[in-house]
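The data block below is my_file14.json; it holds JSON, C-alpha atoms.
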[["chain", "number", "residue", "atom", "x", "y", "z"],
["A", 1, "MET", "CA", 5.33, 0.43, 16.16],
["A", 2, "SER", "CA", 8.03, 0.93, 13.59],
["A", 3, "TRP", "CA", 7.21, 2.15, 10.14],
["A", 4, "CYS", "CA", 9.56, 1.62, 7.21],
["A", 5, "PRO", "CA", 8.68, 3.70, 4.14],
["A", 6, "PRO", "CA", 8.81, 3.99, 1.22],
["A", 7, "LEU", "CA", 8.53, 0.80, -0.76],
["A", 8, "ASP", "CA", 7.67, 0.87, -4.45],
["A", 9, "ARG", "CA", 4.39, -1.00, -4.06],
["A", 10, "GLY", "CA", 3.48, -0.44, -0.43],
["A", 11, "CYS", "CA", 4.63, 0.12, 3.13],
["A", 12, "ALA", "CA", 5.57, -2.10, 6.02],
["A", 13, "CYS", "CA", 4.78, -1.63, 9.67],
["A", 14, "TRP", "CA", 6.08, -3.71, 12.54],
["A", 15, "TRP", "CA", 3.75, -3.96, 15.50],
["A", 16, "GLY", "CA", 4.71, -4.28, 19.14],
["A", 17, "SER", "CA", 2.97, -3.17, 22.29],
["A", 18, "ARG", "CA", 3.35, -2.74, 26.01],
["A", 19, "PRO", "CA", 0.77, -3.71, 28.62],
["A", 20, "ALA", "CA", -1.47, -1.10, 30.28],
["A", 21, "ILE", "CA", -2.43, 0.56, 27.01],
["A", 22, "ARG", "CA", -6.13, 0.96, 26.21],
["A", 23, "PRO", "CA", -6.62, -1.10, 23.04],
["A", 24, "LYS", "CA", -9.30, 1.00, 21.37],
["A", 25, "MET", "CA", -7.42, 4.28, 21.76],
["A", 26, "LEU", "CA", -4.16, 2.69, 20.69],
["A", 27, "SER", "CA", -5.62, 1.12, 17.54],
["A", 28, "THR", "CA", -7.58, 4.23, 16.57],
["A", 29, "CYS", "CA", -4.56, 6.46, 17.05],
["A", 30, "ARG", "CA", -2.25, 4.19, 15.07],
["A", 31, "VAL", "CA", -4.67, 3.48, 12.22],
["A", 32, "ARG", "CA", -5.40, 7.15, 11.68],
["A", 33, "LYS", "CA", -1.72, 8.06, 11.78],
["A", 34, "ILE", "CA", -0.53, 5.21, 9.54],
["A", 35, "LEU", "CA", -3.05, 5.99, 6.82],
["A", 36, "ALA", "CA", -2.53, 9.77, 6.93],
["A", 37, "LEU", "CA", 1.23, 10.01, 7.47],
["A", 38, "ARG", "CA", 2.78, 11.76, 4.45],
["A", 39, "LEU", "CA", 5.86, 9.71, 3.68],
["A", 40, "PHE", "CA", 6.01, 9.65, -0.10],
["A", 41, "GLU", "CA", 7.26, 11.99, -2.78],
["A", 42, "GLU", "CA", 5.22, 13.87, -5.32],
["A", 43, "GLU", "CA", 6.92, 15.63, -8.22],
["A", 44, "GLY", "CA", 10.30, 15.39, -6.48],
["A", 45, "LYS", "CA", 9.05, 16.89, -3.19],
["A", 46, "ARG", "CA", 9.43, 14.70, -0.13],
["A", 47, "TRP", "CA", 6.74, 14.02, 2.45],
["A", 48, "GLN", "CA", 3.76, 14.90, 0.23],
["A", 49, "LYS", "CA", 1.59, 11.77, -0.09],
["A", 50, "SER", "CA", 0.21, 9.13, 2.27],
["A", 51, "VAL", "CA", -0.54, 5.42, 1.86],
["A", 52, "LYS", "CA", -4.19, 6.35, 1.40],
["A", 53, "ASP", "CA", -3.40, 9.07, -1.16],
["A", 54, "LEU", "CA", -1.44, 6.60, -3.29],
["A", 55, "ASN", "CA", -3.74, 3.61, -2.69],
["A", 56, "LEU", "CA", -0.78, 1.47, -1.55],
["A", 57, "GLU", "CA", -0.65, -1.95, 0.05],
["A", 58, "LEU", "CA", 0.23, -2.17, 3.73],
["A", 59, "LEU", "CA", 2.18, -5.06, 5.27],
["A", 60, "CYS", "CA", 1.72, -5.48, 9.03],
["A", 61, "VAL", "CA", 3.93, -7.81, 11.05],
["A", 62, "SER", "CA", 3.62, -8.48, 14.78],
["A", 63, "GLN", "CA", 6.99, -8.21, 16.50],
["A", 64, "PHE", "CA", 7.14, -8.25, 20.29],
["A", 65, "THR", "CA", 10.91, -7.71, 20.21],
["A", 66, "LEU", "CA", 10.30, -4.01, 19.51],
["A", 67, "TYR", "CA", 9.76, -3.67, 23.27],
["A", 68, "HIS", "CA", 12.93, -4.84, 24.88],
["A", 69, "ARG", "CA", 15.57, -3.53, 27.21],
["A", 70, "LEU", "CA", 19.13, -4.70, 27.45],
["A", 71, "LYS", "CA", 20.14, -6.30, 30.73],
["A", 72, "GLY", "CA", 23.86, -6.55, 30.37],
["A", 73, "ASN", "CA", 24.42, -8.37, 27.11],
["A", 74, "LYS", "CA", 20.99, -10.01, 26.95],
["A", 75, "PRO", "CA", 17.67, -8.67, 25.70],
["A", 76, "ASP", "CA", 14.83, -8.55, 28.23],
["A", 77, "PHE", "CA", 11.31, -8.74, 26.78],
["A", 78, "SER", "CA", 9.40, -8.44, 30.05],
["A", 79, "ALA", "CA", 8.08, -5.01, 29.00],
["A", 80, "ALA", "CA", 6.31, -6.53, 25.96],
["A", 81, "MET", "CA", 2.62, -7.37, 26.18],
["A", 82, "LYS", "CA", 1.90, -11.06, 26.85],
["A", 83, "GLY", "CA", 0.99, -13.21, 23.83],
["A", 84, "GLU", "CA", -2.78, -13.70, 24.13],
["A", 85, "GLU", "CA", -3.42, -10.06, 25.05],
["A", 86, "ALA", "CA", -1.07, -8.82, 22.31],
["A", 87, "GLN", "CA", -2.75, -11.03, 19.71],
["A", 88, "LYS", "CA", -6.18, -9.60, 20.59],
["A", 89, "LEU", "CA", -4.82, -6.07, 20.32],
["A", 90, "TYR", "CA", -3.06, -6.81, 17.02],
["A", 91, "ASN", "CA", -6.21, -8.36, 15.56],
["A", 92, "HIS", "CA", -8.22, -5.34, 16.69],
["A", 93, "PHE", "CA", -5.67, -3.11, 14.98],
["A", 94, "LEU", "CA", -5.98, -5.10, 11.72],
["A", 95, "GLU", "CA", -9.80, -4.92, 11.91],
["A", 96, "ARG", "CA", -9.65, -1.14, 12.36],
["A", 97, "LEU", "CA", -7.30, -0.84, 9.38],
["A", 98, "GLY", "CA", -9.74, -2.88, 7.30],
["A", 99, "GLN", "CA", -12.63, -0.62, 8.34],
["A", 100, "SER", "CA", -10.70, 2.54, 7.52],
["A", 101, "TYR", "CA", -9.04, 1.45, 4.29],
["A", 102, "ASP", "CA", -9.33, -1.06, 1.44],
["A", 103, "SER", "CA", -9.04, -4.36, 3.33],
["A", 104, "SER", "CA", -7.71, -6.14, 0.21],
["A", 105, "LYS", "CA", -4.61, -3.93, 0.45],
["A", 106, "ILE", "CA", -3.80, -4.92, 4.04],
["A", 107, "LYS", "CA", -1.46, -7.89, 4.37],
["A", 108, "ASP", "CA", -0.21, -9.55, 7.54],
["A", 109, "GLY", "CA", 1.77, -12.54, 8.65],
["A", 110, "LYS", "CA", 0.87, -15.19, 11.20],
["A", 111, "PHE", "CA", 0.91, -13.86, 14.74],
["A", 112, "GLY", "CA", 3.74, -15.26, 16.85],
["A", 113, "ALA", "CA", 5.24, -17.27, 14.01],
["A", 114, "TYR", "CA", 8.81, -17.26, 12.82],
["A", 115, "MET", "CA", 8.71, -15.38, 9.54],
["A", 116, "GLN", "CA", 11.23, -14.34, 6.97],
["A", 117, "VAL", "CA", 10.07, -11.01, 5.59],
["A", 118, "HIS", "CA", 11.93, -9.84, 2.51],
["A", 119, "ILE", "CA", 11.48, -6.15, 1.81],
["A", 120, "GLU", "CA", 13.51, -3.52, 0.11],
["A", 121, "ASN", "CA", 13.59, -0.27, 2.01],
["A", 122, "ASP", "CA", 13.91, 2.61, -0.44],
["A", 123, "GLY", "CA", 15.40, 5.28, 1.76],
["A", 124, "PRO", "CA", 16.89, 5.80, 5.18],
["A", 125, "VAL", "CA", 13.61, 6.34, 7.04],
["A", 126, "THR", "CA", 12.18, 4.40, 9.97],
["A", 127, "ILE", "CA", 9.52, 6.11, 12.06],
["A", 128, "ASN", "CA", 8.39, 4.96, 15.49],
["A", 129, "LEU", "CA", 4.76, 5.75, 16.29],
["A", 130, "GLU", "CA", 3.52, 5.92, 19.86],
["A", 131, "SER", "CA", 0.16, 6.94, 21.25],
["A", 132, "PRO", "CA", 0.24, 9.43, 24.15],
["A", 133, "GLU", "CA", -0.44, 6.53, 26.55],
["A", 134, "GLU", "CA", 2.42, 4.48, 25.11],
["A", 135, "LYS", "CA", 4.81, 7.38, 25.46],
["A", 136, "GLN", "CA", 3.92, 7.70, 29.14],
["A", 137, "ALA", "CA", 4.23, 3.91, 29.68],
["A", 138, "ASN", "CA", 7.64, 3.91, 27.97],
["A", 139, "GLU", "CA", 8.88, 6.75, 30.15],
["A", 140, "GLU", "CA", 7.71, 4.96, 33.31],
["A", 141, "ALA", "CA", 9.26, 1.64, 32.23],
["A", 142, "ASN", "CA", 12.62, 3.28, 31.56],
["A", 143, "LYS", "CA", 12.88, 4.95, 34.99]]

Take the structure in the file and give it back as structure tokens.
Amino acid sequence: MSWCPPLDRGCACWWGSRPAIRPKMLSTCRVRKILALRLFEEEGKRWQKSVKDLNLELLCVSQFTLYHRLKGNKPDFSAAMKGEEAQKLYNHFLERLGQSYDSSKIKDGKFGAYMQVHIENDGPVTINLESPEEKQANEEANK
């Protein structure tokens, strides 16, 4: 998952996943981290406030292309989770966010659709979040 903070009125996260990850652990780990991660300034000091602290909106977008490898000059998406399984996991993630935070502040696009997302990133920060299981799966896939 990539995380692009800070936006004036909220944050954006791009969701992608690999197979062989336990959905409940993955969603719980990500939801907790996304809501608690201190990415925003307070009184000129960086990294002081979280989405939850500032009561911000959260935009979630599914994006399987986060998990790719280059084979020569072409991207290979075989490491990405298959569509139906990924959609279930993504929906579970959104449900967990809604249970842990104000569900009216959670926005998402249509799973698997072509979308044009217009955001303005205010700063040079992109953070990739991985659960311990994802990290291990990534290391094995890249061997």

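Interatomic distance, CA of Val117 (chain A) to CA of Gly72 (chain A): 28.7 Å.
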
(request) For CA of Cys60 (chain A) and CA of Glu42 (chain A), determine how far apart the two atoms are, in Å to one decimal place. (result)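 About the pair CA of Cys60 (chain A) and CA of Glu42 (chain A): they are 24.3 Å apart.
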
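Distances here use all atoms listed in the file; by that measure, the residue among A:Gln99, A:Gln87, A:Gln116, A:Thr126 closest to Ser62 (chain A) is A:Gln87.
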
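Among the candidate residues A:Leu35, A:Ile127, A:Val61, A:Leu70, the one lying nearest to Asn91 (chain A) is A:Val61, with distances computed using all atoms listed in the file.
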
(request) Would you list the contacts of Arg38 (chain A) as a PyMOL selection string, taking every protein, DNA or RNA residue within 9 Å and counting all atoms listed in the file, but skipping same-chain residues closer than 6 positions in sequence? (result) chain A and resi 46-51+53

(request) Provide the CA of Ser78 (chain A) to CA of Gly109 (chain A) distance in Å, to one decimal place. (result)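 We find that CA of Ser78 (chain A) and CA of Gly109 (chain A) lie 23.1 Å from each other.
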
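Considering all atoms listed in the file, the residue among A:Ser100, A:Asn73, A:Asn128, A:Gln63 positioned nearest to Ala36 (chain A) is A:Ser100.
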
(message) Here is a test: counting all atoms listed in the file, which residue of A:Ile106, A:Phe111, A:Gly98, A:Arg69 is nearest to Gly83 (chain A)?
(response) A:Phe111
